[in-house]
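Enquirer: Quick one, final.csv (CSV, C-alpha atoms):
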chain,number,residue,atom,x,y,z
V,1,MET,CA,-73.2,62.3,-28.8
V,2,GLU,CA,-71.6,59.7,-26.6
V,3,LYS,CA,-67.9,59.3,-27.3
V,4,LYS,CA,-67.0,55.8,-28.7
V,5,LYS,CA,-65.0,53.6,-26.4
V,6,LEU,CA,-61.5,52.7,-27.5
V,7,HIS,CA,-61.0,49.0,-27.9
V,8,ILE,CA,-57.7,48.0,-26.2
V,9,ALA,CA,-56.0,44.7,-26.7
V,10,LEU,CA,-54.0,43.8,-23.6
V,11,LEU,CA,-51.2,41.3,-24.4
V,12,PHE,CA,-49.3,39.6,-21.6
V,13,GLY,CA,-47.4,36.4,-20.7
V,14,GLY,CA,-44.7,35.3,-23.2
V,15,ASN,CA,-41.9,32.8,-23.4
V,16,SER,CA,-39.6,34.7,-21.1
V,17,SER,CA,-38.4,34.3,-17.5
V,18,GLU,CA,-40.8,37.1,-16.6
V,19,HIS,CA,-44.0,35.3,-17.7
V,20,ALA,CA,-45.5,35.2,-14.2
V,21,VAL,CA,-44.6,38.9,-13.6
V,22,SER,CA,-46.3,39.9,-16.8
V,23,LYS,CA,-49.5,38.2,-15.7
V,24,ARG,CA,-49.6,40.2,-12.5
V,25,SER,CA,-48.9,43.5,-14.3
V,26,ALA,CA,-51.7,42.8,-16.8
V,27,HIS,CA,-54.2,42.1,-14.0
V,28,ASN,CA,-53.3,45.5,-12.4
V,29,ILE,CA,-53.6,47.4,-15.7
V,30,TYR,CA,-56.9,45.7,-16.5
V,31,ASP,CA,-58.3,46.6,-13.1
V,32,GLY,CA,-56.9,50.1,-13.4
V,33,MET,CA,-58.5,50.9,-16.8
V,34,ASN,CA,-61.5,53.1,-16.8
V,35,LYS,CA,-64.2,50.8,-18.4
V,36,ASP,CA,-66.3,53.8,-19.2
V,37,LYS,CA,-63.6,54.8,-21.7
V,38,TYR,CA,-62.3,51.4,-22.8
V,39,ASP,CA,-63.4,48.0,-24.0
V,40,VAL,CA,-60.6,45.6,-23.1
V,41,SER,CA,-59.8,42.3,-24.7
V,42,VAL,CA,-56.9,40.2,-23.3
V,43,PHE,CA,-54.5,37.9,-25.1
V,44,MET,CA,-51.9,35.7,-23.4
V,45,PHE,CA,-48.8,34.4,-25.0
V,46,THR,CA,-48.0,31.0,-23.6
V,47,LYS,CA,-44.6,30.0,-22.3
V,48,LYS,CA,-44.0,28.5,-25.8
V,49,GLY,CA,-45.0,31.7,-27.6
V,50,TYR,CA,-48.5,30.7,-28.7
V,51,LEU,CA,-51.1,33.5,-28.5
V,52,LEU,CA,-54.3,32.3,-26.9
V,53,GLY,CA,-57.5,33.9,-27.9
V,54,ASN,CA,-59.5,36.3,-25.8
V,55,LYS,CA,-61.8,33.7,-24.3
V,56,ASP,CA,-59.1,31.3,-23.2
V,57,SER,CA,-56.9,34.2,-22.0
V,58,MET,CA,-59.8,35.4,-19.8
V,59,ARG,CA,-60.1,31.9,-18.3
V,60,ILE,CA,-56.5,32.2,-17.1
V,61,PHE,CA,-57.1,35.8,-16.1
V,62,ASN,CA,-60.0,34.6,-13.9
V,63,GLY,CA,-57.9,32.0,-12.1
V,64,GLU,CA,-58.2,28.7,-14.1
V,65,ASP,CA,-55.1,26.6,-14.3
V,66,GLU,CA,-52.9,27.9,-17.1
V,67,ASP,CA,-51.4,24.5,-18.1
V,68,LYS,CA,-54.8,23.0,-18.4
V,69,VAL,CA,-56.3,25.8,-20.5
V,70,VAL,CA,-53.2,25.9,-22.8
V,71,ALA,CA,-53.4,22.1,-23.3
V,72,GLU,CA,-57.0,22.3,-24.3
V,73,ALA,CA,-56.5,25.3,-26.5
V,74,THR,CA,-53.6,23.9,-28.5
V,75,ALA,CA,-54.8,20.3,-28.8
V,76,THR,CA,-56.2,20.7,-32.3
V,77,VAL,CA,-54.0,23.6,-33.6
V,78,ASP,CA,-52.4,23.0,-37.0
V,79,PHE,CA,-48.9,24.2,-36.3
V,80,SER,CA,-48.0,23.6,-39.9
V,81,ASN,CA,-49.8,26.9,-40.6
V,82,PRO,CA,-47.1,29.6,-40.5
V,83,LEU,CA,-49.5,31.9,-38.7
V,84,ALA,CA,-50.7,29.4,-36.2
V,85,ASN,CA,-48.9,31.1,-33.3
V,86,ILE,CA,-50.7,34.5,-33.8
V,87,GLN,CA,-53.9,33.5,-35.6
V,88,ASN,CA,-56.1,34.1,-32.5
V,89,ILE,CA,-55.4,37.9,-32.7
V,90,SER,CA,-58.4,37.9,-35.2
V,91,GLU,CA,-60.8,36.5,-32.5
V,92,VAL,CA,-61.9,40.1,-31.8
V,93,LYS,CA,-62.5,42.9,-34.3
V,94,ASP,CA,-61.7,46.6,-34.5
V,95,ILE,CA,-58.8,46.9,-32.1
V,96,ASP,CA,-57.8,50.5,-31.6
V,97,VAL,CA,-54.6,50.2,-29.5
V,98,PHE,CA,-52.3,47.3,-28.5
V,99,TYR,CA,-51.1,47.4,-24.9
V,100,PRO,CA,-48.2,45.0,-24.5
V,101,VAL,CA,-47.4,44.0,-20.9
V,102,ILE,CA,-44.9,41.4,-21.9
V,103,HIS,CA,-41.7,41.9,-19.9
V,104,GLY,CA,-38.4,40.6,-21.3
V,105,ASN,CA,-38.1,38.4,-24.3
V,106,MET,CA,-40.7,38.9,-27.1
V,107,GLY,CA,-42.2,42.0,-25.4
V,108,GLU,CA,-39.2,44.3,-24.9
V,109,ASP,CA,-36.9,43.2,-27.7
V,110,GLY,CA,-39.0,44.5,-30.6
V,111,THR,CA,-40.7,41.2,-31.5
V,112,VAL,CA,-44.4,42.2,-30.8
V,113,GLN,CA,-43.7,45.7,-31.9
V,114,GLY,CA,-42.9,44.3,-35.4
V,115,LEU,CA,-46.3,42.5,-35.3
V,116,PHE,CA,-48.1,45.7,-34.4
V,117,ARG,CA,-46.3,47.5,-37.2
V,118,LEU,CA,-47.4,44.8,-39.7
V,119,LEU,CA,-51.0,45.2,-38.4
V,120,ASN,CA,-50.7,49.0,-38.8
V,121,LYS,CA,-52.1,49.7,-35.4
V,122,PRO,CA,-50.9,52.0,-32.5
V,123,TRP,CA,-49.2,50.4,-29.6
V,124,ILE,CA,-47.9,51.5,-26.2
V,125,GLY,CA,-44.2,51.9,-25.8
V,126,SER,CA,-41.1,52.1,-27.9
V,127,GLY,CA,-40.7,51.2,-31.5
V,128,ILE,CA,-39.0,48.2,-33.0
V,129,THR,CA,-35.4,49.4,-33.2
V,130,SER,CA,-35.6,51.3,-29.9
V,131,SER,CA,-37.0,48.3,-28.1
V,132,GLY,CA,-34.3,45.9,-29.5
V,133,VAL,CA,-31.4,48.3,-28.7
V,134,SER,CA,-32.7,49.1,-25.2
V,135,PHE,CA,-33.2,45.4,-24.4
V,136,ASP,CA,-29.5,44.7,-25.2
V,137,LYS,CA,-27.5,46.1,-22.3
V,138,ASP,CA,-24.3,46.1,-24.4
V,139,LEU,CA,-25.8,48.1,-27.3
V,140,THR,CA,-27.5,50.4,-24.7
V,141,LYS,CA,-24.1,51.1,-23.0
V,142,GLN,CA,-22.4,51.7,-26.3
V,143,LEU,CA,-24.9,54.4,-27.2
V,144,LEU,CA,-24.8,56.0,-23.8
V,145,THR,CA,-21.0,56.1,-23.7
V,146,LEU,CA,-21.0,57.7,-27.2
V,147,HIS,CA,-23.3,60.4,-25.9
V,148,GLY,CA,-21.4,61.0,-22.7
V,149,ILE,CA,-24.0,59.4,-20.3
V,150,ARG,CA,-22.0,57.8,-17.4
V,151,ASN,CA,-22.3,54.1,-16.9
V,152,THR,CA,-20.2,51.3,-15.5
V,153,LYS,CA,-17.2,49.8,-17.2
V,154,TYR,CA,-17.6,46.3,-18.6
V,155,VAL,CA,-16.4,43.7,-21.1
V,156,VAL,CA,-18.5,41.4,-23.3
V,157,VAL,CA,-18.0,37.6,-23.1
V,158,THR,CA,-19.3,35.2,-25.7
V,159,PRO,CA,-18.7,31.5,-26.4
V,160,GLU,CA,-16.3,32.6,-29.1
V,161,ASN,CA,-14.0,34.7,-26.9
V,162,GLN,CA,-14.7,33.0,-23.6
V,163,ALA,CA,-11.2,31.4,-23.3
V,164,GLU,CA,-9.4,34.8,-23.4
V,165,TYR,CA,-11.6,36.4,-20.7
V,166,THR,CA,-10.5,34.8,-17.5
V,167,TYR,CA,-11.3,36.1,-14.1
V,168,GLU,CA,-7.7,37.4,-13.8
V,169,LYS,CA,-7.9,39.4,-17.0
V,170,CYS,CA,-11.3,40.9,-16.2
V,171,SER,CA,-10.4,41.8,-12.6
V,172,LYS,CA,-7.3,43.7,-13.7
V,173,GLU,CA,-9.6,46.0,-15.7
V,174,LEU,CA,-12.7,46.0,-13.6
V,175,GLY,CA,-11.7,45.2,-10.1
V,176,ALA,CA,-11.8,42.1,-7.9
V,177,THR,CA,-15.6,42.2,-7.4
V,178,MET,CA,-17.6,42.0,-10.6
V,179,PHE,CA,-21.1,41.2,-11.8
V,180,VAL,CA,-21.8,38.8,-14.7
V,181,LYS,CA,-25.2,39.2,-16.4
V,182,PRO,CA,-26.9,38.3,-19.7
V,183,ALA,CA,-27.0,41.1,-22.2
V,184,ARG,CA,-30.6,40.4,-23.1
V,185,GLN,CA,-32.6,39.5,-20.0
V,186,GLY,CA,-34.6,41.4,-17.5
V,187,SER,CA,-35.5,41.6,-13.8
V,188,SER,CA,-32.1,40.5,-12.5
V,189,VAL,CA,-32.4,37.0,-14.1
V,190,GLY,CA,-29.1,35.2,-14.5
V,191,ILE,CA,-27.1,37.9,-12.6
V,192,TYR,CA,-24.2,36.8,-10.4
V,193,LYS,CA,-21.7,38.6,-8.2
V,194,VAL,CA,-18.2,37.1,-8.5
V,195,GLU,CA,-15.1,37.5,-6.5
V,196,ASN,CA,-12.8,34.7,-7.6
V,197,GLN,CA,-12.1,32.4,-10.6
V,198,ALA,CA,-14.5,29.6,-9.5
V,199,GLU,CA,-17.4,32.0,-9.0
V,200,PHE,CA,-16.6,33.6,-12.3
V,201,ASP,CA,-16.5,30.3,-14.2
V,202,LYS,CA,-19.8,29.2,-12.7
V,203,ALA,CA,-21.5,32.5,-13.5
V,204,VAL,CA,-20.3,32.4,-17.1
V,205,LYS,CA,-21.5,28.9,-17.5
V,206,GLU,CA,-24.9,29.6,-16.0
V,207,GLY,CA,-25.2,32.9,-17.9
V,208,PHE,CA,-24.9,31.1,-21.2
V,209,HIS,CA,-28.2,29.4,-20.3
V,210,TYR,CA,-29.9,32.8,-20.8
V,211,ASP,CA,-27.9,34.5,-23.5
V,212,PHE,CA,-24.9,34.0,-25.7
V,213,LYS,CA,-23.6,37.5,-24.9
V,214,LEU,CA,-22.7,38.2,-21.3
V,215,LEU,CA,-21.6,41.5,-19.7
V,216,VAL,CA,-18.9,41.3,-17.0
V,217,GLU,CA,-19.3,44.6,-15.2
V,218,GLU,CA,-17.5,46.5,-12.5
V,219,ALA,CA,-19.0,46.7,-9.1
V,220,ILE,CA,-19.8,50.1,-7.6
V,221,ASP,CA,-18.7,50.7,-4.0
V,222,HIS,CA,-21.6,50.6,-1.6
V,223,PRO,CA,-24.2,51.6,-4.2
V,224,ARG,CA,-27.6,53.0,-3.7
V,225,GLU,CA,-30.2,51.9,-6.2
V,226,VAL,CA,-32.1,54.9,-7.5
V,227,GLU,CA,-34.9,54.8,-10.1
V,228,CYS,CA,-36.6,57.4,-12.3
V,229,SER,CA,-39.7,57.0,-14.4
V,230,VAL,CA,-40.0,58.7,-17.8
V,231,LEU,CA,-43.2,59.5,-19.6
V,232,GLY,CA,-43.7,61.0,-23.1
V,233,ASN,CA,-42.6,60.7,-26.7
V,234,ARG,CA,-40.3,63.3,-28.3
V,235,SER,CA,-41.2,65.6,-25.4
V,236,ALA,CA,-40.8,63.6,-22.2
V,237,LYS,CA,-40.9,64.3,-18.5
V,238,ALA,CA,-39.1,62.7,-15.5
V,239,SER,CA,-40.8,61.6,-12.3
V,240,LYS,CA,-39.6,62.2,-8.8
V,241,LEU,CA,-36.9,59.8,-7.8
V,242,GLY,CA,-37.2,56.6,-5.8
V,243,ALA,CA,-34.7,54.5,-3.9
V,244,ILE,CA,-34.5,50.9,-2.9
V,245,LYS,CA,-32.8,49.6,0.2
V,246,ILE,CA,-32.5,45.8,0.3
V,247,PRO,CA,-31.7,43.7,3.3
V,248,ASP,CA,-28.1,43.8,4.4
V,249,ASP,CA,-27.5,40.1,3.8
V,250,ASP,CA,-28.7,40.3,0.2
V,251,VAL,CA,-26.2,40.9,-2.6
V,252,PHE,CA,-28.4,43.0,-4.9
V,253,TYR,CA,-32.0,43.8,-5.8
V,254,ASP,CA,-32.7,40.4,-7.3
V,255,TYR,CA,-35.8,38.6,-8.8
V,256,ASN,CA,-36.9,37.4,-5.4
V,257,ASN,CA,-36.8,40.9,-3.9
V,258,LYS,CA,-38.7,42.3,-6.8
V,259,PHE,CA,-41.5,39.9,-7.2
V,260,VAL,CA,-41.6,37.0,-4.7
V,261,ASP,CA,-40.8,38.4,-1.2
V,262,ALA,CA,-40.4,42.2,-0.9
V,263,SER,CA,-41.1,42.2,2.8
V,264,GLY,CA,-37.5,43.0,3.6
V,265,VAL,CA,-37.1,45.7,1.0
V,266,GLU,CA,-37.5,49.4,1.9
V,267,PHE,CA,-38.9,51.6,-0.8
V,268,GLN,CA,-38.3,55.4,-0.5
V,269,MET,CA,-40.9,57.1,-2.6
V,270,PRO,CA,-39.8,59.8,-3.2
V,271,VAL,CA,-36.3,59.8,-2.0
V,272,GLU,CA,-34.6,62.9,-0.7
V,273,LEU,CA,-31.2,63.4,-2.4
V,274,PRO,CA,-29.0,66.5,-2.7
V,275,ALA,CA,-30.6,68.9,-5.3
V,276,ASP,CA,-27.7,68.7,-7.7
V,277,LEU,CA,-27.7,64.9,-7.6
V,278,THR,CA,-31.5,64.7,-8.2
V,279,ALA,CA,-31.2,67.1,-11.1
V,280,GLU,CA,-28.3,65.1,-12.6
V,281,ILE,CA,-30.2,61.8,-12.5
V,282,LYS,CA,-33.3,63.3,-14.0
V,283,GLN,CA,-31.4,64.8,-16.8
V,284,MET,CA,-29.5,61.6,-17.4
V,285,SER,CA,-32.8,59.8,-17.6
V,286,LEU,CA,-34.2,62.2,-20.2
V,287,ASP,CA,-31.0,62.2,-22.1
V,288,ALA,CA,-31.0,58.3,-22.2
V,289,PHE,CA,-34.7,58.3,-23.3
V,290,ARG,CA,-33.8,60.6,-26.2
V,291,VAL,CA,-30.6,58.8,-27.2
V,292,LEU,CA,-32.3,55.4,-27.2
V,293,ASP,CA,-35.3,56.9,-29.1
V,294,ASN,CA,-37.7,55.6,-26.5
V,295,ARG,CA,-41.4,56.3,-26.7
V,296,GLY,CA,-44.3,56.3,-24.2
V,297,LEU,CA,-42.7,55.0,-21.0
V,298,ALA,CA,-39.4,53.8,-19.6
V,299,ARG,CA,-38.0,53.2,-16.1
V,300,MET,CA,-34.3,54.3,-15.8
V,301,ASP,CA,-32.2,52.5,-13.1
V,302,PHE,CA,-29.1,54.0,-11.5
V,303,LEU,CA,-26.4,53.1,-9.1
V,304,VAL,CA,-25.1,55.9,-6.9
V,305,ASP,CA,-21.8,55.4,-5.3
V,306,SER,CA,-20.5,56.5,-1.9
V,307,ASN,CA,-19.4,59.9,-3.4
V,308,ASN,CA,-22.8,60.6,-4.8
V,309,VAL,CA,-21.8,59.9,-8.4
V,310,PRO,CA,-24.6,58.3,-10.4
V,311,TYR,CA,-24.0,55.6,-12.9
V,312,PHE,CA,-26.7,54.6,-15.5
V,313,GLY,CA,-27.6,51.0,-15.0
V,314,GLU,CA,-30.3,50.0,-17.5
V,315,VAL,CA,-33.5,51.0,-19.1
V,316,ASN,CA,-36.8,49.1,-18.9
V,317,THR,CA,-39.1,50.0,-21.9
V,318,LEU,CA,-42.0,47.9,-20.6
V,319,PRO,CA,-41.6,48.2,-16.8
V,320,GLY,CA,-43.6,46.2,-14.3
V,321,PHE,CA,-47.1,47.3,-13.2
V,322,THR,CA,-47.4,44.9,-10.2
V,323,ASN,CA,-48.4,46.1,-6.8
V,324,ILE,CA,-44.8,46.8,-5.9
V,325,SER,CA,-43.5,47.9,-9.3
V,326,LEU,CA,-41.6,51.2,-9.2
V,327,TYR,CA,-42.8,52.8,-12.4
V,328,PRO,CA,-46.4,53.5,-11.4
V,329,GLN,CA,-45.4,54.2,-7.8
V,330,LEU,CA,-43.0,56.9,-8.9
V,331,TRP,CA,-45.7,58.6,-10.9
V,332,ALA,CA,-48.2,58.3,-8.1
V,333,VAL,CA,-45.9,60.3,-5.8
V,334,SER,CA,-45.3,62.7,-8.7
V,335,GLY,CA,-49.0,63.4,-8.9
V,336,ILE,CA,-50.3,61.0,-11.6
V,337,ASN,CA,-52.6,58.2,-10.3
V,338,TYR,CA,-52.8,54.8,-11.8
V,339,SER,CA,-55.8,55.3,-14.0
V,340,ASP,CA,-54.7,58.6,-15.3
V,341,LEU,CA,-51.2,57.1,-16.1
V,342,ILE,CA,-52.9,54.5,-18.2
V,343,ASP,CA,-54.9,57.2,-20.0
V,344,GLN,CA,-51.8,59.1,-20.8
V,345,LEU,CA,-49.9,56.1,-22.1
V,346,ILE,CA,-52.8,55.3,-24.5
V,347,GLU,CA,-52.9,59.0,-25.7
V,348,LEU,CA,-49.1,58.8,-26.3
V,349,ALA,CA,-49.5,55.6,-28.4
V,350,LEU,CA,-52.2,57.3,-30.5
V,351,GLU,CA,-50.0,60.5,-30.8
V,352,GLU,CA,-47.0,58.5,-32.0
V,353,PHE,CA,-49.0,56.5,-34.5
V,354,ASP,CA,-50.5,59.7,-36.0
V,355,ASP,CA,-47.0,61.3,-36.1
V,356,ASN,CA,-45.5,58.4,-38.0
V,357,ALA,CA,-48.5,58.3,-40.4
V,358,ARG,CA,-47.4,61.7,-41.7
V,359,LEU,CA,-44.1,60.2,-43.0
V,360,HIS,CA,-43.9,59.8,-46.8
V,361,TYR,CA,-42.6,56.9,-48.8
V,362,ASP,CA,-41.8,57.4,-52.5
V,363,PHE,CA,-42.6,54.5,-54.9
V,364,VAL,CA,-40.8,55.0,-58.1
V,365,ASP,CA,-41.8,53.0,-61.2
V,366,LEU,CA,-38.6,51.6,-62.6
V,367,GLY,CA,-40.0,50.9,-66.0
V,368,LYS,CA,-38.4,48.4,-68.3
V,369,GLU,CA,-35.1,47.1,-66.9
V,370,LYS,CA,-32.1,48.3,-68.8
V,371,LEU,CA,-28.9,46.3,-68.4
V,372,PRO,CA,-25.4,47.5,-69.3
V,373,GLU,CA,-24.0,46.3,-72.6
V,374,LYS,CA,-21.8,43.3,-72.2
V,375,LYS,CA,-18.3,43.5,-73.7
V,376,ASP,CA,-16.6,40.6,-75.4
V,377,GLU,CA,-14.5,38.5,-73.0
V,378,ILE,CA,-10.8,39.1,-73.3
V,379,LYS,CA,-9.1,36.0,-74.7
Please go through the file and, once you have read it, give me the structure as structure tokens.
Expert:
Amino acid sequence: MEKKKLHIALLFGGNSSEHAVSKRSAHNIYDGMNKDKYDVSVFMFTKKGYLLGNKDSMRIFNGEDEDKVVAEATATVDFSNPLANIQNISEVKDIDVFYPVIHGNMGEDGTVQGLFRLLNKPWIGSGITSSGVSFDKDLTKQLLTLHGIRNTKYVVVTPENQAEYTYEKCSKELGATMFVKPARQGSSVGIYKVENQAEFDKAVKEGFHYDFKLLVEEAIDHPREVECSVLGNRSAKASKLGAIKIPDDDVFYDYNNKFVDASGVEFQMPVELPADLTAEIKQMSLDAFRVLDNRGLARMDFLVDSNNVPYFGEVNTLPGFTNISLYPQLWAVSGINYSDLIDQLIELALEEFDDNARLHYDFVDLGKEKLPEKKDEIK
């Protein structure tokens, strides 16, 4: 008997600064899926968070102007309906696995994971709590520090404490050169290198456009950017390591280098590092994956200083799958091709769903409510 195809719902887009990146990732994943194994429906979240149906999403997928399609699709929507933003998920039936390719806000912060949980369907990637904590760089660093995983020193600046955190105060603790970054953004969005009060003030002001919690972080001396991909659930494995060398006149590996113009970036896949350093970074990656309770996939980013000391940078729980994205490239050089990687991610989603289905919840009948006897008030 011919094995039934799995029906995969591929979700992309979203109201985040990585909307366009998500579209590229989704295209690559769609093309990389073995259509003999999977039927694939696509759903795009618009920049305002409205979920287009499969038919309209495919129009955009196939090259039609996004703004035009969105305008047509939303012209008659009754947004007084509390389910209006997600009602189109019912356009197709019998979805077996949700595959979110929504980078940043809504995709990596636990939002769509909560939707999948309500729908009682398997999904690729981490759970609700794990996604939310991993997306918050402050909470991530707190957990890593608690478990002895080395990361850079930092302070948190909010609108409430902004007045007390001047450049002078921060630099005394963190050094003259620092980085200011939103706690909950991805792909180097809103990150600024600062070396004086004016740059610091500008970075904080701009940073608050992206988040109300900013990290002011120490700078590592002449760092190398090293990446490690992790694959698995409770039993995970680490890929070979990769490194990124950016042009000398660029400050850091920013959004432009990642997604717009990577022509000046040198990717070393895999990178040859001293054996002890390689082993340490791989172990730190697996330790972080476990501590953060990640599932399925994650890309771990590190900075290695001039003394070959690695510092954990951040975790990406739904890393990019564009043509130059590091997560699939690292697995390719580690012996897992693109199509097989997708297969394994889908298998891990089903495995995690089945695992969680074995958990028990007790529902106790409380019976008639019994209240404590009231005593007379003391006069």
Enquirer: How far is it from atom CA of V:Pro319 to atom CA of V:His222, in Å with one decimal?
Expert: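 Between these atoms lies a distance of 25.2 Å.
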Enquirer: Around the point (-22.5, 62.6, -4.7) in the file's coordinates, collect all residues with an atom within 12 Å, using all atoms listed in the file, and return them as an MDAnalysis selection string.
Expert: chainID V and resid 223:224 273:281 303:311
Enquirer: So, counting all atoms listed in the file, which residue among V:Asp362, V:Asp96, V:Asp287, V:Glu227 is closest to V:Lys5?
Expert: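 Nearest candidate to V:Lys5 out of V:Asp362, V:Asp96, V:Asp287, V:Glu227: V:Asp96.
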Enquirer: Listing only residues of stretch 82-161 of chain V within 10 Å of stretch 203-207 of chain V, what is the closest atom pair and its distance in Å (to one decimal) for each, using only C-alpha atoms, sorted by chain and residue number ascending, as CSV?
Expert:
residue,atom,partner,partner_atom,distance
V:Val157,CA,V:Val204,CA,8.3
V:Thr158,CA,V:Val204,CA,9.1
V:Pro159,CA,V:Val204,CA,9.5
Enquirer: Find the distance between atom CA of V:Ile342 and atom CA of V:Met33 and write it in Å to one decimal.
Expert: 6.8 Å
Enquirer: Quick one: residues within 12 Å of V:Lys202, only C-alpha atoms counted, chain neighbours fewer than 5 positions away excluded, as a list of chain:residue names?
Expert: V:Thr166, V:Tyr167, V:Val180, V:Lys181, V:Gly190, V:Ile191, V:Tyr192, V:Lys193, V:Val194, V:Glu195, V:Asn196, V:Gln197, V:Gly207, V:Phe208, V:His209
